Amino acid sequence: MKKYPSLRRLPKFEYIAPTTLEEATRFLSEHKNEARPIAGGTDLLLNMKRRAAVPQFVVGLRNIPDLDRIAYDEGKGLRIGPMVTIHDVETSPLVLEKYPILSQAAATLGSIQIRNLGTVVGNVCNALPSADMVPSLIALGTRVKIINGTDERLVVLEDFITNVGKTVLAPGEVVAELQVPELPSKGAGTYIKYAQRGAKALGICNVAAWLSMKDDTCTDVRICLGAVGQTPIRAVQAEAVLKGQPFTPEKVKEAGQIVSKEAQPRTSLLRGSAEYRKEMVGVLTERALKNVRDQIG
Ligand SMILES: Cc1cc2nc3c(=O)[nH]c(=O)nc-3n(C[C@H](O)[C@H](O)[C@H](O)COP(=O)(O)OP(=O)(O)OC[C@H]3O[C@@H](n4cnc5c(N)ncnc54)[C@H](O)[C@@H]3O)c2cc1C
């Protein structure tokens with residue numbers, strides 16, 4: 001069985017509390033490999049206790065105003081700031097109305113204590129394949145706004161996470177915002193997390209599915225799989241089977257079978273064999289697609 005490094009006391013570090021994002025990125029750029037940003041700390045502090053990360057400086061984003069804002073503009077979509085917690089997204093009336101799949105995903109993450117501290121951006125930047133917010137955000141076409149001083153760039157979330165715990169962020173860069181596009185009105189989505197202890201464990205496999213329909217035809221579809229590869233995986237071959245086609249039980253079954261082939265899980269004593277997880281992620285996809293179809297009506 002994989003041996004997890006035991007938790008030790010936190011190593012010594014200096015806490016830096018900038019009051020603007022520009023100040024934060026300047027400090028991070030000047031101390032490239034010695035400094036790390038911290039949001040809720042639910043991942044970073046554990047990694048420090050495991051000595052997986054030993055930064056000399058920890059740069060808190062808490063004193064920077066307005067980073068905890070969720071904003072929505074008609075025609076543009078949703079913006080999630082870097083200090084927006086999982087609990088904020090779970091309970092935001094705006095998110096519940098316009099992007100319920102995100103509230104649903106948030107409700108599956110950890111315990112209430114973790115959701116109160118942990119942020120959506122922290123979940124994305126930690127870049128684990130099992131991160132619960134990521135599949136739904138990818139299925140919604142989210143873009144990541146990255147800043148470094150006064151420079152900024154946008155990266156599609158699908159391309160942001162490159163491997164287990166790895167992102168395209170260069171030292172000194174921080175995520176300033178997640179941008180979720182406006183969605184067509186005749187669309188809906190769902191997130192299913194399959195875990196041994198419901199919300200209190202990382203997923204064995206997870207699926208986010210988003211569909212839009214015109215009459216009985218599927219006009220757009222996005223399926224993203226979690227915990228079955230090195231990164232969350234967009235199931236593009238399964239999507240191709242559904243897109244532009246009448247939405248039938250046969251097509252849904254075929255999409256599930258293709259997803260089982262697209263998934264690349266490994267065998268884990270804690271989470272099951274690769275074969276089992278491949279089978280289950282196909283089953284979950286079928287369930288998710290049927291559920292979304294029922295929501296659209
Ligand atoms: C008991 C427990 C249960 C958990 N259960 C789950 C679960 O069920 N599902 C799940 O997905 N996760 C789970 N987690 C993991 C964790 O809570 C989430 O990933 C959380 O969303 C991380 O957010 P944070 O704000 O705490 O991140 P932090 O720990 O503050 O940061 C995480 C990483 O992101 C970087 N970072 C943070 N903000 C920025 C930024 N703006 N720009 C650039 N880099 C940044 C940090 O440097 C660090 O590397 C659990 C953790 C614990 C301790």
# chains A, B, ... in the order shown; residues from 1 in each chain; ligands from 1
call {"tool": "closest_atom_pairs", "arguments": {"of": "stretch 135-186 of chain A", "to": "stretch 14-31 of chain A", "cutoff": "12 Å", "atoms": "only C-alpha atoms", "output": "tab-separated table"}}
result
residue	atom	partner	partner_atom	distance
A:Ile146	CA	A:Thr25	CA	10.4
A:Ile147	CA	A:Thr25	CA	7.5
A:Asn148	CA	A:Thr25	CA	5.5
A:Gly149	CA	A:Glu22	CA	4.9
A:Thr150	CA	A:Glu22	CA	6.9
A:Asp151	CA	A:Glu22	CA	9.7
A:Glu152	CA	A:Glu22	CA	11.0
A:Leu169	CA	A:Ser29	CA	11.8
A:Ala170	CA	A:Ser29	CA	9.2
A:Pro171	CA	A:Ser29	CA	6.5
A:Gly172	CA	A:Ser29	CA	3.9
A:Glu173	CA	A:Thr25	CA	6.2
A:Val174	CA	A:Thr25	CA	6.7
A:Val175	CA	A:Leu21	CA	9.7
A:Ala176	CA	A:Leu21	CA	7.9
A:Glu177	CA	A:Leu21	CA	11.4
call {"tool": "select_by_dssp", "arguments": {"residues": "stretch 9-257 of chain A", "states": "helix (DSSP H, G or I)", "output": "number ranges by chain"}}
result
A: 21-30, 32-34, 44-49, 86-91, 93-98, 100-107, 112-117, 120-126, 134-139, 157-160, 198-200, 236-242, 249-257
call {"tool": "residues_near_ligand", "arguments": {"ligand": "ligand 1", "cutoff": "6 Å", "atoms": "only C-alpha atoms and all ligand atoms", "output": "mmCIF file with N, CA and C atoms, in the first residue's frame"}}
result
data_model
loop_
_atom_site.group_PDB
_atom_site.id
_atom_site.type_symbol
_atom_site.label_atom_id
_atom_site.label_comp_id
_atom_site.auth_asym_id
_atom_site.auth_seq_id
_atom_site.Cartn_x
_atom_site.Cartn_y
_atom_site.Cartn_z
ATOM 1 N N ARG A 36 5.265 31.085 -1.592
ATOM 2 C CA ARG A 36 4.035 30.478 -2.129
ATOM 3 C C ARG A 36 2.827 31.286 -1.665
ATOM 4 N N PRO A 37 1.847 31.497 -2.562
ATOM 5 C CA PRO A 37 0.616 32.139 -2.111
ATOM 6 C C PRO A 37 -0.208 31.168 -1.267
ATOM 7 N N ILE A 38 -0.993 31.715 -0.352
ATOM 8 C CA ILE A 38 -1.900 30.881 0.434
ATOM 9 C C ILE A 38 -3.278 31.524 0.433
ATOM 10 N N ALA A 39 -4.311 30.675 0.261
ATOM 11 C CA ALA A 39 -5.697 31.174 0.333
ATOM 12 C C ALA A 39 -6.292 30.634 1.630
ATOM 13 N N GLY A 40 -6.970 29.473 1.596
ATOM 14 C CA GLY A 40 -7.517 28.892 2.829
ATOM 15 C C GLY A 40 -6.485 28.072 3.595
ATOM 16 N N GLY A 41 -5.480 27.589 2.912
ATOM 17 C CA GLY A 41 -4.399 26.831 3.553
ATOM 18 C C GLY A 41 -4.704 25.354 3.784
ATOM 19 N N THR A 42 -5.881 24.876 3.335
ATOM 20 C CA THR A 42 -6.249 23.483 3.653
ATOM 21 C C THR A 42 -5.398 22.468 2.878
ATOM 22 N N ASP A 43 -4.828 22.879 1.776
ATOM 23 C CA ASP A 43 -3.881 22.016 1.061
ATOM 24 C C ASP A 43 -2.444 22.399 1.400
ATOM 25 N N LEU A 44 -2.146 23.700 1.297
ATOM 26 C CA LEU A 44 -0.745 24.127 1.427
ATOM 27 C C LEU A 44 -0.168 23.775 2.805
ATOM 28 N N PRO A 82 -10.219 34.937 -6.046
ATOM 29 C CA PRO A 82 -9.336 33.921 -5.448
ATOM 30 C C PRO A 82 -9.568 33.635 -3.968
ATOM 31 N N LEU A 109 -17.629 18.559 -1.488
ATOM 32 C CA LEU A 109 -16.204 18.682 -1.127
ATOM 33 C C LEU A 109 -16.017 18.716 0.402
ATOM 34 N N GLY A 110 -15.307 17.729 0.915
ATOM 35 C CA GLY A 110 -14.879 17.711 2.314
ATOM 36 C C GLY A 110 -15.999 17.910 3.319
ATOM 37 N N ILE A 114 -13.895 22.374 6.161
ATOM 38 C CA ILE A 114 -13.009 22.515 4.990
ATOM 39 C C ILE A 114 -13.640 23.470 3.976
ATOM 40 N N LEU A 117 -13.153 27.149 4.847
ATOM 41 C CA LEU A 117 -11.794 27.698 4.706
ATOM 42 C C LEU A 117 -11.288 27.603 3.265
ATOM 43 N N GLY A 118 -11.499 26.456 2.652
ATOM 44 C CA GLY A 118 -10.920 26.170 1.327
ATOM 45 C C GLY A 118 -11.569 27.021 0.247
ATOM 46 N N THR A 119 -10.781 27.404 -0.732
ATOM 47 C CA THR A 119 -11.287 28.243 -1.822
ATOM 48 C C THR A 119 -11.388 27.441 -3.123
ATOM 49 N N VAL A 120 -12.188 27.984 -4.037
ATOM 50 C CA VAL A 120 -12.338 27.341 -5.348
ATOM 51 C C VAL A 120 -11.017 27.450 -6.111
ATOM 52 N N VAL A 121 -10.407 28.636 -6.047
ATOM 53 C CA VAL A 121 -9.140 28.835 -6.760
ATOM 54 C C VAL A 121 -8.044 27.945 -6.162
ATOM 55 N N GLY A 122 -8.032 27.789 -4.837
ATOM 56 C CA GLY A 122 -7.063 26.891 -4.199
ATOM 57 C C GLY A 122 -7.247 25.462 -4.683
ATOM 58 N N ASN A 123 -8.495 25.034 -4.830
ATOM 59 C CA ASN A 123 -8.794 23.686 -5.320
ATOM 60 C C ASN A 123 -8.250 23.500 -6.740
ATOM 61 N N CYS A 125 -5.776 25.396 -8.186
ATOM 62 C CA CYS A 125 -4.307 25.536 -8.228
ATOM 63 C C CYS A 125 -3.601 24.337 -7.609
ATOM 64 N N ASN A 126 -4.248 23.655 -6.681
ATOM 65 C CA ASN A 126 -3.619 22.475 -6.080
ATOM 66 C C ASN A 126 -3.503 21.336 -7.100
ATOM 67 N N SER A 130 -8.433 14.505 -8.496
ATOM 68 C CA SER A 130 -9.706 14.278 -7.795
ATOM 69 C C SER A 130 -10.343 15.569 -7.289
ATOM 70 N N ALA A 131 -9.760 16.723 -7.606
ATOM 71 C CA ALA A 131 -10.289 18.012 -7.111
ATOM 72 C C ALA A 131 -11.756 18.148 -7.514
ATOM 73 N N ASP A 132 -12.632 18.351 -6.534
ATOM 74 C CA ASP A 132 -14.063 18.272 -6.819
ATOM 75 C C ASP A 132 -14.630 19.440 -7.620
ATOM 76 N N VAL A 174 -0.005 34.618 -10.046
ATOM 77 C CA VAL A 174 -1.147 34.188 -9.236
ATOM 78 C C VAL A 174 -2.421 34.201 -10.074
ATOM 79 N N VAL A 175 -3.362 33.398 -9.634
ATOM 80 C CA VAL A 175 -4.671 33.385 -10.285
ATOM 81 C C VAL A 175 -5.497 34.514 -9.680
ATOM 82 N N ALA A 176 -5.975 35.395 -10.538
ATOM 83 C CA ALA A 176 -6.716 36.565 -10.059
ATOM 84 C C ALA A 176 -8.221 36.339 -10.139
ATOM 85 N N ALA A 199 -19.148 12.793 0.922
ATOM 86 C CA ALA A 199 -18.360 14.020 0.783
ATOM 87 C C ALA A 199 -17.074 13.979 1.599
ATOM 88 N N LYS A 200 -16.909 13.023 2.493
ATOM 89 C CA LYS A 200 -15.757 13.062 3.403
ATOM 90 C C LYS A 200 -14.549 12.308 2.854
ATOM 91 N N ALA A 201 -14.545 12.002 1.582
ATOM 92 C CA ALA A 201 -13.394 11.301 1.007
ATOM 93 C C ALA A 201 -13.173 11.785 -0.412
ATOM 94 N N LEU A 202 -11.950 11.604 -0.904
ATOM 95 C CA LEU A 202 -11.696 11.942 -2.309
ATOM 96 C C LEU A 202 -12.386 10.893 -3.189
#
call {"tool": "residues_around", "arguments": {"residues": "stretch 292-296 of chain A", "least_positions_apart": "6", "cutoff": "8 Å", "atoms": "only C-alpha atoms", "output": "VMD selection string"}}
result
chain A and resid 186 to 190 209 to 211 213
call {"tool": "select_by_dssp", "arguments": {"residues": "stretch 44-192 of chain A", "states": "strand (DSSP E)", "output": "number ranges by chain"}}
result
A: 57-60, 70-73, 77-80, 143-148, 151-156, 161-163, 166-167, 174-181, 187-192
call {"tool": "closest_atom_pairs", "arguments": {"of": "stretch 125-190 of chain A", "to": "stretch 60-74 of chain A", "cutoff": "10 Å", "atoms": "only C-alpha atoms", "output": "Markdown table"}}
result
| residue | atom | partner | partner_atom | distance |
| --- | --- | --- | --- | --- |
| A:Ala176 | CA | A:Leu67 | CA | 8.0 |
| A:Glu177 | CA | A:Leu67 | CA | 8.4 |
| A:Leu178 | CA | A:Ile70 | CA | 9.7 |
| A:Gln179 | CA | A:Tyr72 | CA | 9.6 |
| A:Val180 | CA | A:Tyr72 | CA | 9.3 |
| A:Pro181 | CA | A:Tyr72 | CA | 9.7 |
| A:Glu182 | CA | A:Glu74 | CA | 7.4 |
call {"tool": "write_last_selection", "arguments": {"atoms": "N, CA and C atoms", "output": "compact mmCIF listing (two decimals), in the first residue's frame"}}
result
# COMPACT_ATOMS: atom_id res chain seq x y z
N ALA A 176 -5.97 35.40 -10.54
CA ALA A 176 -6.72 36.56 -10.06
C ALA A 176 -8.22 36.34 -10.14
N GLU A 177 -8.64 35.36 -10.96
CA GLU A 177 -10.08 35.19 -11.18
C GLU A 177 -10.34 33.94 -12.01
N LEU A 178 -11.49 33.32 -11.77
CA LEU A 178 -11.99 32.29 -12.68
C LEU A 178 -13.17 32.91 -13.43
N GLN A 179 -13.20 32.73 -14.74
CA GLN A 179 -14.29 33.31 -15.54
C GLN A 179 -15.10 32.18 -16.17
N VAL A 180 -16.37 32.12 -15.80
CA VAL A 180 -17.25 31.07 -16.32
C VAL A 180 -18.21 31.72 -17.31
N PRO A 181 -18.20 31.27 -18.58
CA PRO A 181 -19.01 31.98 -19.58
C PRO A 181 -20.51 31.88 -19.32
N GLU A 182 -21.22 32.81 -19.94
CA GLU A 182 -22.69 32.78 -19.94
C GLU A 182 -23.13 31.48 -20.63
call {"tool": "residues_around", "arguments": {"residues": "A:Ile258", "least_positions_apart": "4", "cutoff": "9 Å", "atoms": "only C-alpha atoms", "output": "PyMOL selection string"}}
result
chain A and resi 235+237-238+241+253-254+262-263+282
call {"tool": "residues_around", "arguments": {"residues": "A:Thr285", "least_positions_apart": "4", "cutoff": "12 Å", "atoms": "only C-alpha atoms", "output": "ChimeraX atom specification"}}
result
/A:189-194,205-210,222-226,235,238-239,251-260,262-263,278-281,289-292
call {"tool": "write_last_selection", "arguments": {"atoms": "N, CA and C atoms", "output": "CSV table (one decimal), in the first residue's frame"}}
result
chain,number,residue,atom,x,y,z
A,189,GLY,N,-26.6,21.0,-16.2
A,189,GLY,CA,-25.5,20.1,-15.9
A,189,GLY,C,-25.6,19.4,-14.6
A,190,THR,N,-24.8,18.4,-14.4
A,190,THR,CA,-24.8,17.8,-13.1
A,190,THR,C,-23.4,17.2,-12.8
A,191,TYR,N,-23.1,17.1,-11.5
A,191,TYR,CA,-21.8,16.5,-11.0
A,191,TYR,C,-22.1,15.3,-10.1
A,192,ILE,N,-21.5,14.2,-10.4
A,192,ILE,CA,-21.6,13.0,-9.6
A,192,ILE,C,-20.3,12.6,-9.0
A,193,LYS,N,-20.2,12.6,-7.7
A,193,LYS,CA,-18.9,12.2,-7.1
A,193,LYS,C,-19.2,10.8,-6.5
A,194,TYR,N,-18.3,9.8,-6.8
A,194,TYR,CA,-18.5,8.5,-6.3
A,194,TYR,C,-17.3,8.2,-5.4
A,205,CYS,N,-14.1,7.9,-8.6
A,205,CYS,CA,-14.2,8.5,-9.9
A,205,CYS,C,-15.3,9.6,-9.8
A,206,ASN,N,-15.2,10.6,-10.6
A,206,ASN,CA,-16.2,11.7,-10.6
A,206,ASN,C,-16.5,12.1,-12.1
A,207,VAL,N,-17.8,12.5,-12.3
A,207,VAL,CA,-18.2,13.0,-13.6
A,207,VAL,C,-19.0,14.3,-13.5
A,208,ALA,N,-18.6,15.2,-14.4
A,208,ALA,CA,-19.4,16.4,-14.6
A,208,ALA,C,-19.9,16.3,-16.0
A,209,ALA,N,-21.2,16.6,-16.2
A,209,ALA,CA,-21.8,16.6,-17.6
A,209,ALA,C,-22.6,17.8,-17.8
A,210,TRP,N,-22.5,18.4,-18.9
A,210,TRP,CA,-23.3,19.6,-19.2
A,210,TRP,C,-23.8,19.4,-20.6
A,222,ARG,N,-20.6,18.7,-22.9
A,222,ARG,CA,-19.3,18.6,-22.3
A,222,ARG,C,-19.2,17.7,-21.1
A,223,ILE,N,-18.3,16.8,-21.2
A,223,ILE,CA,-18.2,15.8,-20.2
A,223,ILE,C,-16.8,15.8,-19.6
A,224,CYS,N,-16.6,15.9,-18.3
A,224,CYS,CA,-15.3,16.0,-17.7
A,224,CYS,C,-15.2,14.9,-16.6
A,225,LEU,N,-14.2,14.1,-16.6
A,225,LEU,CA,-14.0,13.0,-15.7
A,225,LEU,C,-12.9,13.4,-14.6
A,226,GLY,N,-13.2,13.1,-13.4
A,226,GLY,CA,-12.2,13.4,-12.3
A,226,GLY,C,-11.7,12.1,-11.7
A,235,ALA,N,-13.9,14.2,-21.9
A,235,ALA,CA,-14.2,13.0,-22.6
A,235,ALA,C,-14.7,13.4,-24.0
A,238,ALA,N,-16.5,10.7,-26.3
A,238,ALA,CA,-17.9,10.5,-25.9
A,238,ALA,C,-18.8,11.7,-26.3
A,239,GLU,N,-18.2,12.9,-26.2
A,239,GLU,CA,-19.0,14.1,-26.5
A,239,GLU,C,-19.3,14.0,-28.0
A,251,LYS,N,-27.6,6.1,-27.6
A,251,LYS,CA,-26.4,7.1,-27.6
A,251,LYS,C,-25.8,7.3,-26.3
A,252,VAL,N,-26.7,7.3,-25.2
A,252,VAL,CA,-26.2,7.5,-23.9
A,252,VAL,C,-25.4,6.3,-23.5
A,253,LYS,N,-25.8,5.1,-23.8
A,253,LYS,CA,-25.1,3.9,-23.5
A,253,LYS,C,-23.7,3.9,-24.2
A,254,GLU,N,-23.8,4.2,-25.5
A,254,GLU,CA,-22.5,4.3,-26.2
A,254,GLU,C,-21.5,5.3,-25.6
A,255,ALA,N,-22.1,6.5,-25.2
A,255,ALA,CA,-21.2,7.5,-24.6
A,255,ALA,C,-20.5,6.9,-23.4
A,256,GLY,N,-21.3,6.2,-22.5
A,256,GLY,CA,-20.8,5.6,-21.3
A,256,GLY,C,-19.7,4.6,-21.6
A,257,GLN,N,-19.9,3.8,-22.6
A,257,GLN,CA,-18.9,2.8,-23.0
A,257,GLN,C,-17.6,3.5,-23.5
A,258,ILE,N,-17.7,4.6,-24.2
A,258,ILE,CA,-16.6,5.3,-24.7
A,258,ILE,C,-15.8,5.9,-23.6
A,259,VAL,N,-16.6,6.5,-22.6
A,259,VAL,CA,-15.9,7.1,-21.5
A,259,VAL,C,-15.1,6.1,-20.7
A,260,SER,N,-15.6,4.9,-20.6
A,260,SER,CA,-14.8,3.8,-19.9
A,260,SER,C,-13.4,3.6,-20.6
A,262,GLU,N,-11.9,6.0,-22.5
A,262,GLU,CA,-11.1,7.3,-22.4
A,262,GLU,C,-10.5,7.5,-21.0
A,263,ALA,N,-11.1,6.9,-20.0
A,263,ALA,CA,-10.5,7.1,-18.6
A,263,ALA,C,-9.2,6.3,-18.5
A,278,LYS,N,-12.8,2.2,-14.3
A,278,LYS,CA,-13.2,2.5,-15.7
A,278,LYS,C,-14.7,2.2,-15.9
A,279,GLU,N,-15.1,1.0,-15.4
A,279,GLU,CA,-16.5,0.6,-15.5
A,279,GLU,C,-17.4,1.6,-14.8
A,280,MET,N,-17.0,2.0,-13.6
A,280,MET,CA,-17.9,2.9,-12.8
A,280,MET,C,-18.0,4.3,-13.4
A,281,VAL,N,-16.9,4.8,-14.0
A,281,VAL,CA,-17.0,6.1,-14.6
A,281,VAL,C,-17.9,6.1,-15.8
A,289,LEU,N,-25.8,11.9,-17.7
A,289,LEU,CA,-26.5,12.4,-18.9
A,289,LEU,C,-28.0,12.3,-18.8
A,290,LYS,N,-28.5,11.2,-18.3
A,290,LYS,CA,-29.9,11.0,-18.1
A,290,LYS,C,-30.5,12.0,-17.2
A,291,ASN,N,-29.7,12.3,-16.1
A,291,ASN,CA,-30.2,13.3,-15.1
A,291,ASN,C,-30.3,14.7,-15.7
A,292,VAL,N,-29.3,15.0,-16.5
A,292,VAL,CA,-29.3,16.3,-17.2
A,292,VAL,C,-30.5,16.4,-18.2
call {"tool": "residues_around", "arguments": {"residues": "A:Gln264", "least_positions_apart": "2", "cutoff": "10 Å", "atoms": "only C-alpha atoms", "output": "list in words"}}
result
Leu225, Ala227, Val228, Gly229, Gln230, Thr231, Ile233, Val259, Ser260, Lys261, Glu262, Arg266, Thr267, Ala274, Glu275, Arg277 and Lys278 of chain A
call {"tool": "atom_distance", "arguments": {"atom1": "atom CA of A:Pro232", "atom2": "atom CA of A:Pro135"}}
result
6.4 Å
call {"tool": "atom_distance", "arguments": {"atom1": "atom CA of A:Ala105", "atom2": "atom CA of A:Pro249"}}
result
25.4 Å
